[in-house]
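Asks: Structure file model03.cif (mmCIF, C-alpha atoms) is given on the next line.
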data_run
loop_
_atom_site.label_atom_id
_atom_site.label_comp_id
_atom_site.auth_asym_id
_atom_site.auth_seq_id
_atom_site.Cartn_x
_atom_site.Cartn_y
_atom_site.Cartn_z
CA MET A 1 -22.37 8.63 10.28
CA SER A 2 -25.78 10.22 10.68
CA ILE A 3 -28.01 8.08 8.47
CA SER A 4 -31.00 10.35 8.98
CA HIS A 5 -29.05 13.37 7.74
CA ALA A 6 -27.70 11.41 4.80
CA LEU A 7 -31.20 10.25 3.79
CA LEU A 8 -32.57 13.74 4.31
CA GLY A 9 -29.81 15.16 2.14
CA LEU A 10 -30.55 12.66 -0.61
CA LEU A 11 -34.21 13.62 -0.43
CA GLU A 12 -33.38 17.24 -1.03
CA SER A 13 -32.87 16.64 -4.74
CA GLY A 14 -36.47 15.43 -5.11
CA PRO A 15 -39.24 13.28 -3.55
CA SER A 16 -38.53 9.57 -3.33
CA HIS A 17 -39.84 6.26 -2.04
CA GLY A 18 -38.10 4.56 0.89
CA TYR A 19 -36.85 1.79 -1.36
CA ASP A 20 -35.29 4.20 -3.86
CA LEU A 21 -33.72 6.18 -1.02
CA LYS A 22 -32.10 3.02 0.31
CA ARG A 23 -30.74 2.23 -3.15
CA ALA A 24 -29.38 5.75 -3.55
CA PHE A 25 -27.74 5.58 -0.12
CA ASP A 26 -26.18 2.17 -0.78
CA ALA A 27 -24.85 3.26 -4.16
CA ARG A 28 -23.19 6.36 -2.76
CA PHE A 29 -22.23 5.60 0.81
CA GLY A 30 -23.10 2.01 1.60
CA HIS A 31 -20.20 0.27 -0.15
CA ASP A 32 -19.45 -2.34 2.48
CA LYS A 33 -22.50 -1.83 4.64
CA PRO A 34 -25.83 -1.52 2.83
CA LEU A 35 -28.77 -0.20 4.86
CA HIS A 36 -31.49 -2.52 6.08
CA TYR A 37 -34.99 -1.67 4.89
CA GLY A 38 -36.07 -1.55 8.52
CA GLN A 39 -33.47 1.15 9.22
CA VAL A 40 -34.76 3.26 6.34
CA TYR A 41 -38.42 3.00 7.34
CA ALA A 42 -37.68 3.63 11.02
CA THR A 43 -35.61 6.68 10.07
CA MET A 44 -38.28 8.01 7.73
CA SER A 45 -41.05 7.70 10.34
CA ARG A 46 -38.86 9.58 12.84
CA LEU A 47 -38.17 12.32 10.28
CA LEU A 48 -41.90 12.44 9.53
CA LYS A 49 -42.73 12.80 13.21
CA ASN A 50 -40.21 15.62 13.57
CA GLY A 51 -41.64 17.46 10.59
CA LEU A 52 -38.47 17.19 8.52
CA VAL A 53 -40.18 15.19 5.77
CA GLU A 54 -43.78 14.82 4.63
CA VAL A 55 -45.68 12.21 2.68
CA ASP A 56 -45.92 13.57 -0.81
CA ALA A 57 -48.00 10.79 -2.35
CA VAL A 58 -49.29 7.31 -1.51
CA GLU A 59 -49.48 4.64 -4.17
CA ALA A 60 -51.81 1.74 -3.55
CA GLY A 61 -50.60 -1.49 -5.10
CA GLU A 62 -50.95 -5.21 -4.54
CA GLY A 63 -48.62 -5.09 -1.56
CA PRO A 64 -48.47 -2.50 1.20
CA GLU A 65 -49.01 1.15 0.35
CA ARG A 66 -45.91 2.87 -0.96
CA LYS A 67 -45.29 6.29 0.55
CA ARG A 68 -43.38 8.85 -1.38
CA TYR A 69 -41.48 11.24 0.89
CA ALA A 70 -40.58 14.88 0.27
CA ILE A 71 -38.29 17.07 2.35
CA THR A 72 -39.90 20.00 4.22
CA ASP A 73 -38.41 23.50 4.67
CA ALA A 74 -37.45 22.51 8.22
CA GLY A 75 -35.72 19.44 6.74
CA VAL A 76 -33.72 21.58 4.31
CA SER A 77 -32.61 23.83 7.19
CA ASP A 78 -31.64 20.76 9.19
CA VAL A 79 -29.45 19.42 6.36
CA ALA A 80 -27.85 22.86 5.92
CA HIS A 81 -27.10 23.08 9.64
CA TRP A 82 -25.62 19.58 9.68
CA LEU A 83 -23.38 20.39 6.71
CA GLU A 84 -22.20 23.62 8.33
CA GLN A 85 -21.16 21.95 11.58
CA PRO A 86 -17.68 20.42 11.63
CA GLU A 87 -17.47 16.82 12.83
CA LYS A 88 -15.84 16.39 16.19
CA PRO A 89 -12.33 15.03 15.62
CA GLU A 90 -12.09 11.71 17.42
CA PRO A 91 -9.15 11.66 19.80
CA TYR A 92 -9.22 7.85 20.07
CA LEU A 93 -7.91 8.15 23.61
CA GLN A 94 -9.79 5.09 24.78
CA SER A 95 -8.48 2.96 21.97
CA THR A 96 -9.29 -0.73 22.11
CA LEU A 97 -5.78 -1.48 20.91
CA TYR A 98 -4.23 0.46 23.76
CA THR A 99 -6.44 -1.41 26.20
CA LYS A 100 -5.40 -4.73 24.70
CA VAL A 101 -1.68 -3.89 24.82
CA VAL A 102 -1.86 -2.80 28.45
CA LEU A 103 -3.89 -5.86 29.45
CA ALA A 104 -1.42 -8.13 27.64
CA LEU A 105 1.46 -6.55 29.56
CA LEU A 106 -0.42 -6.71 32.85
CA THR A 107 -1.26 -10.37 32.41
CA GLY A 108 2.21 -11.35 31.19
CA ARG A 109 1.05 -12.16 27.67
CA ASP A 110 3.07 -11.45 24.51
CA ALA A 111 2.20 -7.83 23.68
CA ALA A 112 4.70 -7.72 20.80
CA ALA A 113 2.94 -10.65 19.13
CA LEU A 114 -0.39 -8.93 19.65
CA LEU A 115 0.97 -5.83 17.90
CA ASP A 116 2.39 -7.92 15.04
CA THR A 117 -0.91 -9.71 14.52
CA GLN A 118 -2.79 -6.42 14.51
CA ARG A 119 -0.27 -4.95 12.12
CA ALA A 120 -0.65 -7.89 9.72
CA GLU A 121 -4.44 -7.53 9.87
CA HIS A 122 -4.27 -3.79 9.18
CA LEU A 123 -1.96 -4.34 6.24
CA ARG A 124 -4.18 -7.10 4.87
CA LEU A 125 -7.08 -4.66 4.77
CA MET A 126 -4.85 -1.98 3.25
CA ARG A 127 -3.98 -4.43 0.44
CA VAL A 128 -7.67 -5.08 -0.23
CA LEU A 129 -8.42 -1.35 -0.34
CA THR A 130 -5.38 -0.63 -2.52
CA ARG A 131 -6.50 -3.24 -5.05
CA ARG A 132 -10.07 -1.90 -5.00
CA LYS A 133 -8.73 1.60 -5.51
CA SER A 134 -6.56 0.58 -8.46
CA GLY A 135 -9.55 -0.81 -10.33
CA GLY A 136 -12.06 1.78 -9.17
CA ASP A 137 -13.46 5.13 -10.24
CA LEU A 138 -12.76 8.43 -8.50
CA ALA A 139 -15.45 7.85 -5.84
CA ASP A 140 -13.89 4.47 -5.01
CA GLN A 141 -10.44 6.03 -4.86
CA LEU A 142 -11.50 8.78 -2.47
CA ILE A 143 -13.44 6.45 -0.19
CA CYS A 144 -10.57 3.95 -0.10
CA ASP A 145 -8.03 6.72 0.48
CA HIS A 146 -9.93 7.93 3.51
CA ALA A 147 -9.86 4.43 5.01
CA LEU A 148 -6.22 3.92 3.98
CA PHE A 149 -5.05 7.09 5.68
CA HIS A 150 -6.79 6.06 8.91
CA LEU A 151 -5.32 2.58 8.77
CA GLU A 152 -1.92 4.11 8.11
CA ALA A 153 -2.27 6.26 11.22
CA ASP A 154 -3.14 3.16 13.25
CA LEU A 155 -0.13 1.36 11.82
CA ARG A 156 2.17 4.20 12.78
CA TRP A 157 0.80 3.96 16.29
CA LEU A 158 1.38 0.18 16.27
CA GLU A 159 5.00 0.70 15.18
CA LEU A 160 5.62 3.38 17.76
CA THR A 161 4.06 1.28 20.51
CA ALA A 162 6.14 -1.74 19.48
CA ALA A 163 9.25 0.45 19.78
CA ARG A 164 8.15 1.66 23.24
CA LEU A 165 6.90 -1.65 24.56
CA ASN A 166 9.69 -2.17 27.10
CA ARG A 167 9.08 1.26 28.58
CA LEU A 168 5.34 0.75 28.69
CA ALA A 169 5.78 -2.66 30.32
CA LYS A 170 7.85 -1.06 33.09
CA GLU A 171 5.24 1.62 33.66
CA VAL A 172 2.18 -0.59 33.74
CA THR A 173 3.74 -3.26 35.91
CA SER A 174 5.45 -0.92 38.40
CA MET B 1 18.86 -28.75 -9.08
CA THR B 2 18.27 -25.12 -8.08
CA GLY B 3 16.06 -24.16 -5.16
CA GLU B 4 13.64 -22.59 -7.59
CA GLN B 5 13.31 -25.75 -9.73
CA SER B 6 12.54 -27.81 -6.66
CA GLY B 7 9.70 -25.41 -5.79
CA GLY B 8 11.87 -23.57 -3.25
CA PRO B 9 12.57 -19.87 -3.14
CA LEU B 10 14.22 -17.96 -5.96
CA LEU B 11 16.27 -16.01 -3.45
CA ALA B 12 16.94 -17.04 0.16
CA ALA B 13 18.93 -15.60 3.04
CA ARG B 14 19.69 -17.67 6.09
CA GLY B 15 21.15 -16.47 9.37
CA VAL B 16 22.66 -13.35 7.79
CA HIS B 17 24.89 -11.17 10.00
CA LYS B 18 26.33 -7.87 8.89
CA VAL B 19 28.14 -5.34 11.07
CA TYR B 20 29.02 -1.76 10.12
CA GLY B 21 31.83 -0.58 12.40
CA SER B 22 30.66 -1.67 15.81
CA THR B 23 26.95 -1.49 14.89
CA PRO B 24 25.25 -4.75 13.98
CA ALA B 25 22.92 -4.04 11.03
CA LEU B 26 21.75 -7.63 10.63
CA ALA B 27 21.89 -10.24 13.37
CA GLY B 28 20.72 -13.56 11.99
CA ALA B 29 18.17 -12.46 9.38
CA ASP B 30 16.25 -15.06 7.37
CA PHE B 31 14.38 -14.19 4.19
CA ALA B 32 12.85 -16.00 1.23
CA LEU B 33 11.54 -14.65 -2.06
CA HIS B 34 9.57 -16.80 -4.48
CA ALA B 35 9.37 -16.24 -8.23
CA GLY B 36 6.95 -13.51 -9.23
CA GLU B 37 5.98 -12.31 -5.75
CA VAL B 38 6.18 -8.77 -4.39
CA VAL B 39 7.48 -8.69 -0.82
CA ALA B 40 7.61 -5.53 1.26
CA VAL B 41 10.49 -5.23 3.71
CA MET B 42 9.50 -2.80 6.44
CA GLY B 43 11.01 -1.58 9.64
CA PRO B 44 12.08 1.57 11.45
CA SER B 45 15.10 3.62 10.34
CA GLY B 46 18.32 1.82 11.14
CA SER B 47 16.58 -1.55 11.53
CA GLY B 48 18.73 -3.11 8.81
CA LYS B 49 16.16 -3.31 6.01
CA SER B 50 18.37 -1.66 3.37
CA THR B 51 21.33 -3.78 4.50
CA LEU B 52 19.18 -6.87 3.97
CA LEU B 53 18.40 -5.69 0.43
CA HIS B 54 22.10 -5.08 -0.25
CA CYS B 55 22.99 -8.57 1.01
CA LEU B 56 20.21 -10.17 -1.07
CA ALA B 57 21.40 -8.36 -4.18
CA GLY B 58 25.03 -9.32 -3.65
CA ILE B 59 26.06 -5.67 -3.24
CA VAL B 60 27.54 -6.40 0.19
CA THR B 61 28.72 -9.75 1.55
CA PRO B 62 27.50 -10.79 4.99
CA GLU B 63 30.05 -11.77 7.65
CA ARG B 64 28.02 -14.82 8.57
CA GLY B 65 25.11 -16.65 7.01
CA THR B 66 24.30 -17.38 3.39
CA VAL B 67 22.38 -15.89 0.48
CA HIS B 68 21.34 -18.28 -2.29
CA TYR B 69 20.00 -17.14 -5.64
CA ARG B 70 18.52 -19.97 -7.75
CA GLY B 71 20.50 -22.42 -5.67
CA ARG B 72 23.87 -20.65 -6.00
CA GLU B 73 25.50 -19.08 -3.00
CA LEU B 74 26.33 -15.46 -3.80
CA SER B 75 29.46 -15.30 -1.63
CA ALA B 76 30.93 -18.25 -3.56
CA LEU B 77 30.77 -16.29 -6.83
CA SER B 78 33.63 -14.13 -8.10
CA ASP B 79 33.13 -10.37 -8.24
CA ALA B 80 32.77 -10.62 -12.01
CA GLU B 81 30.13 -13.33 -11.70
CA ARG B 82 28.20 -11.30 -9.14
CA SER B 83 28.34 -8.23 -11.37
CA ALA B 84 27.07 -10.28 -14.30
CA LEU B 85 24.23 -11.56 -12.11
CA ARG B 86 23.25 -8.07 -11.05
CA ARG B 87 23.33 -6.89 -14.65
CA GLY B 88 21.52 -9.83 -16.18
CA GLU B 89 19.05 -11.07 -13.59
CA PHE B 90 18.47 -8.17 -11.19
CA GLY B 91 16.97 -4.72 -11.65
CA PHE B 92 17.34 -1.82 -9.21
CA VAL B 93 15.22 1.19 -8.28
CA PHE B 94 16.51 3.51 -5.57
CA GLN B 95 15.12 6.60 -3.92
CA PHE B 96 17.00 8.99 -6.20
CA GLY B 97 20.25 9.71 -7.99
CA GLN B 98 20.32 6.57 -10.04
CA LEU B 99 20.10 7.86 -13.60
CA VAL B 100 23.23 8.83 -15.52
CA PRO B 101 22.98 12.64 -15.77
CA GLU B 102 24.83 12.88 -19.10
CA LEU B 103 22.48 10.50 -20.92
CA THR B 104 18.96 11.15 -22.19
CA CYS B 105 16.09 9.20 -20.65
CA THR B 106 16.01 6.85 -23.64
CA GLU B 107 19.75 6.25 -23.37
CA ASN B 108 19.42 5.64 -19.62
CA VAL B 109 16.73 3.03 -20.12
CA ALA B 110 18.62 1.43 -23.01
CA LEU B 111 21.79 1.16 -20.91
CA PRO B 112 21.22 -2.32 -19.41
CA LEU B 113 20.50 -3.72 -22.88
CA ARG B 114 23.56 -2.01 -24.37
CA LEU B 115 25.73 -3.42 -21.54
CA ALA B 116 24.34 -6.86 -22.36
CA GLY B 117 25.49 -6.43 -25.96
CA ALA B 118 22.32 -5.26 -27.75
CA ASP B 119 22.78 -2.93 -30.72
CA ARG B 120 21.84 0.67 -30.18
CA LYS B 121 18.80 0.73 -32.43
CA SER B 122 17.15 -2.30 -30.90
CA ALA B 123 18.02 -1.21 -27.34
CA GLU B 124 16.54 2.24 -27.89
CA ARG B 125 13.43 0.83 -29.50
CA GLN B 126 12.79 -1.33 -26.44
CA ALA B 127 13.64 1.60 -24.16
CA ARG B 128 11.03 3.69 -25.94
CA GLU B 129 8.40 0.98 -25.45
CA TRP B 130 9.13 0.95 -21.72
CA LEU B 131 9.03 4.73 -21.49
CA GLU B 132 5.60 4.66 -23.15
CA ARG B 133 4.43 1.99 -20.75
CA LEU B 134 5.60 4.05 -17.77
CA GLU B 135 3.86 7.13 -19.25
CA VAL B 136 7.04 9.17 -19.67
CA ASP B 137 7.58 8.91 -23.41
CA ASP B 138 7.28 12.69 -23.68
CA VAL B 139 10.58 13.20 -21.82
CA ARG B 140 12.56 10.63 -23.79
CA HIS B 141 14.98 13.23 -25.19
CA HIS B 142 15.41 15.00 -21.84
CA ARG B 143 18.28 14.47 -19.44
CA PRO B 144 17.56 13.51 -15.80
CA GLY B 145 18.25 17.07 -14.59
CA GLN B 146 15.43 18.38 -16.79
CA ILE B 147 12.61 16.17 -15.47
CA SER B 148 10.61 15.94 -12.22
CA GLY B 149 11.23 13.46 -9.42
CA GLY B 150 8.15 11.43 -10.35
CA GLN B 151 9.20 11.26 -14.00
CA GLY B 152 12.71 10.27 -12.92
CA GLN B 153 11.37 7.36 -10.86
CA ARG B 154 9.31 6.14 -13.82
CA VAL B 155 12.38 6.30 -16.05
CA ALA B 156 14.31 4.39 -13.35
CA ILE B 157 11.60 1.70 -13.23
CA ALA B 158 11.71 1.42 -17.02
CA ARG B 159 15.47 0.95 -16.79
CA ALA B 160 15.12 -1.62 -14.00
CA LEU B 161 12.65 -3.71 -16.03
CA VAL B 162 13.86 -3.27 -19.61
CA ALA B 163 16.15 -6.31 -19.49
CA THR B 164 13.32 -8.45 -17.98
CA PRO B 165 15.08 -9.26 -14.69
CA ARG B 166 13.88 -12.06 -12.44
CA VAL B 167 14.20 -9.88 -9.34
CA VAL B 168 13.71 -6.14 -8.94
CA PHE B 169 15.19 -4.55 -5.81
CA ALA B 170 13.38 -1.32 -4.95
CA ASP B 171 14.74 0.67 -2.00
CA GLU B 172 12.26 3.37 -0.92
CA PRO B 173 11.23 3.94 -4.57
CA THR B 174 8.64 6.56 -3.59
CA GLY B 175 10.62 8.11 -0.74
CA ALA B 176 11.19 11.40 -2.54
CA LEU B 177 7.72 11.69 -4.11
CA ASP B 178 4.43 13.22 -2.99
CA SER B 179 1.64 10.73 -2.28
CA LEU B 180 -0.16 10.99 -5.65
CA ASN B 181 3.06 10.53 -7.63
CA GLY B 182 4.18 7.82 -5.23
CA GLU B 183 1.00 5.86 -5.73
CA ARG B 184 1.15 6.07 -9.49
CA VAL B 185 4.79 4.94 -9.40
CA MET B 186 3.82 1.96 -7.21
CA GLU B 187 0.93 1.04 -9.51
CA LEU B 188 3.20 1.14 -12.53
CA LEU B 189 6.03 -0.72 -10.82
CA THR B 190 3.89 -3.56 -9.50
CA ALA B 191 1.83 -3.87 -12.70
CA ALA B 192 4.98 -4.00 -14.84
CA ALA B 193 6.65 -6.50 -12.49
CA ARG B 194 3.58 -8.75 -12.55
CA ASP B 195 3.34 -8.57 -16.34
CA THR B 196 6.98 -9.60 -16.73
CA ARG B 197 6.73 -12.08 -13.83
CA ALA B 198 9.58 -10.38 -12.00
CA ALA B 199 9.73 -10.79 -8.23
CA VAL B 200 10.14 -7.58 -6.25
CA VAL B 201 11.92 -6.88 -2.96
CA LEU B 202 10.38 -3.59 -1.88
CA VAL B 203 12.07 -1.79 1.01
CA THR B 204 9.80 0.88 2.46
CA HIS B 205 8.86 2.47 5.76
CA GLU B 206 5.43 3.50 4.42
CA SER B 207 2.51 1.15 4.95
CA ARG B 208 0.61 2.66 2.02
CA VAL B 209 3.48 1.63 -0.24
CA ALA B 210 3.77 -1.81 1.40
CA ALA B 211 0.06 -2.33 0.66
CA TYR B 212 1.00 -2.87 -3.00
CA SER B 213 2.91 -6.03 -2.02
CA ASP B 214 1.74 -9.64 -1.63
CA ARG B 215 3.21 -10.01 1.84
CA GLU B 216 5.23 -8.16 4.42
CA VAL B 217 8.44 -8.87 6.29
CA VAL B 218 9.41 -6.65 9.23
CA VAL B 219 13.06 -6.12 10.10
CA ARG B 220 13.62 -5.30 13.76
CA ASP B 221 16.91 -5.33 15.61
CA GLY B 222 18.60 -7.00 12.66
CA ARG B 223 16.15 -9.88 12.38
CA ALA B 224 13.35 -10.39 9.88
CA THR B 225 9.84 -11.54 10.79
CA ASP B 226 7.39 -12.68 8.12
CA LEU B 227 3.96 -11.33 9.08
CA SER B 228 2.05 -13.03 6.25
CA GLY B 229 0.87 -15.93 8.39
CA LEU B 230 -0.61 -13.65 11.02
CA ALA B 231 -3.27 -11.84 9.00
CA GLY B 232 -6.79 -12.95 8.32
CA ALA B 233 -7.29 -14.73 11.63
CA ALA B 234 -10.07 -12.35 12.60
#
Could you express the structure from this file as structure tokens?

Replies:
Amino acid sequence: MSISHALLGLLESGPSHGYDLKRAFDARFGHDKPLHYGQVYATMSRLLKNGLVEVDAVEAGEGPERKRYAITDAGVSDVAHWLEQPEKPEPYLQSTLYTKVVLALLTGRDAAALLDTQRAEHLRLMRVLTRRKSGGDLADQLICDHALFHLEADLRWLELTAARLNRLAKEVTS
Amino acid sequence: MTGEQSGGPLLAARGVHKVYGSTPALAGADFALHAGEVVAVMGPSGSGKSTLLHCLAGIVTPERGTVHYRGRELSALSDAERSALRRGEFGFVFQFGQLVPELTCTENVALPLRLAGADRKSAERQAREWLERLEVDDVRHHRPGQISGGQGQRVAIARALVATPRVVFADEPTGALDSLNGERVMELLTAAARDTRAAVVLVTHESRVAAYSDREVVVRDGRATDLSGLAGAA
């Protein structure tokens, strides 16, 4: 995800301090992975340098100065452009799992067990997300659903690969 | 002492073989279900997962191997005893076609209680409570042909749970539903089973449905592998 675009987008609804931006980001998008303050400040100084945000006000306090950032017209255009562009669908052709399966077959290790272990791990996470979804609000449900559908796709690949393991073994070892 | 009283499984299959024609459906399958747990049985089409469910429920008798329910071997029971067990201790939810088309939804749900000897008024009162719980009270006077697939599955779950069974066998319970309806059905089924402390054997080929379970067993080439010990290593 483009953190700079996400922060810029959040800033579009009104000027904000770095700390408040981080909190807004975490509340909306950061569920399992909150931003570090360092990430926010580094991103804001880059946006500032590129003219996409400006310092709207500086408050002097006991600690360091607190800058309040506002989005510029160029920043608004940048957010609009980002939103208009479709994300590149990831083909996952260089999947780590595929690499692991092939290496297991090449080295004479148990590829079926590897697939079973991965499958169990995927399903464990799907259980966690399903429980979170059941007790969550609509935002939780949609975020969990997105992850669940991706995990489901991986699981289908794991099943299919397990069913084709003998054939794959012949091909990679021939 | 039953297996369950000694802390063992409520339902256990050991070395189960079942052949249909010349096709082996199960070839030495082991399975254990403990009281109150929800276990997903997964596997590709034709792997033998539904056959395993049928053997566990005493619907079919395996050629070899044993199935014990609360310490009693199912194949040692008479047909009448097995029927009584299925009526009194087991509940069933299938993919479709399980409701009696001539009866209203209330009458369908009340049926297990009526068969167990309950009077009509009390059976229908309990049926109504279960229909409310499964959010289909509004179709209580309808017949199965007049309601949607999702409503039908909820009525079927109400019927499976109304007599507070110890084990619910659910074979692809969401197989004919769209994903939103399927999820709601799974939420209602697992919540109701947990509330009544019923164990559930959930046969499904969908991982999103299996994610409502406590653990997963995969049936492949007629054998069952418990994957629960494999997760969480990372």

Asks: Taking only residues of chain B that have an atom at most 9 Å from an atom of chain A, what is each one's shortest atom pair and its distance in Å to one decimal, using all atoms listed in the file, in chain and number order, as a Markdown table?

Replies:
| residue | atom | partner | partner_atom | distance |
| --- | --- | --- | --- | --- |
| B:Gly43 | CA | A:Glu159 | CA | 8.5 |
| B:Pro44 | CA | A:Glu159 | CA | 8.0 |
| B:Glu187 | CA | A:Ser134 | CA | 7.6 |
| B:Glu206 | CA | A:Glu152 | CA | 8.2 |
| B:Ser207 | CA | A:Glu152 | CA | 6.2 |
| B:Arg208 | CA | A:Glu152 | CA | 6.8 |
| B:Ala210 | CA | A:Leu123 | CA | 7.9 |
| B:Ala211 | CA | A:Arg127 | CA | 4.6 |
| B:Tyr212 | CA | A:Arg127 | CA | 6.3 |
| B:Ser213 | CA | A:Arg127 | CA | 7.5 |
| B:Asp214 | CA | A:Arg127 | CA | 8.0 |
| B:Arg215 | CA | A:Arg124 | CA | 8.5 |
| B:Glu216 | CA | A:Ala120 | CA | 7.9 |
| B:Leu227 | CA | A:Ala120 | CA | 5.8 |
| B:Ser228 | CA | A:Ala120 | CA | 6.8 |
| B:Gly229 | CA | A:Ala120 | CA | 8.3 |
| B:Leu230 | CA | A:Thr117 | CA | 5.3 |
| B:Ala231 | CA | A:Glu121 | CA | 4.5 |
| B:Gly232 | CA | A:Glu121 | CA | 6.1 |
| B:Ala233 | CA | A:Glu121 | CA | 7.9 |
| B:Ala234 | CA | A:Glu121 | CA | 7.9 |

Asks: What does the distance between atom CA of A:Leu21 and atom CA of A:Lys133 come to in Å, to one decimal place?

Replies: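 Atom-to-atom, atom CA of A:Leu21 and atom CA of A:Lys133 are spaced 25.8 Å apart.
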
Asks: Using all atoms listed in the file, which residues sit within 12 Å of A:Asp73 once same-chain residues fewer than 2 positions away are excluded, as JSON, numbers by chain?

Replies: {"A": [8, 11, 12, 51, 52, 53, 54, 70, 71, 75, 76, 77, 78, 79, 80]}

Asks: Report the distance between atom CA of A:Val55 and atom CA of A:Tyr37 in Å, rounded to one decimal place.

Replies: 17.7 Å

Asks: Check which residues satisfy the PyMOL selection byres ((chain B and resi 145) around 12) in the file shown, then give them as a PyMOL selection string.

Replies: chain B and resi 96-105+139+141-144+146-149+151-152

Asks: For the PyMOL selection byres ((chain B and resi 82) around 12), applied here, can you spell out every residue it catches as a ChimeraX atom specification?

Replies: /B:55-61,68-69,72-81,83-90

Asks: May I have the protein, DNA and RNA residues with an atom at most 10 Å from (10.0, 12.9, -3.4), counting only C-alpha atoms in the file's coordinates, returned as an MDAnalysis selection string?

Replies: chainID B and resid 95:96 148:150 153 173:179 181:182
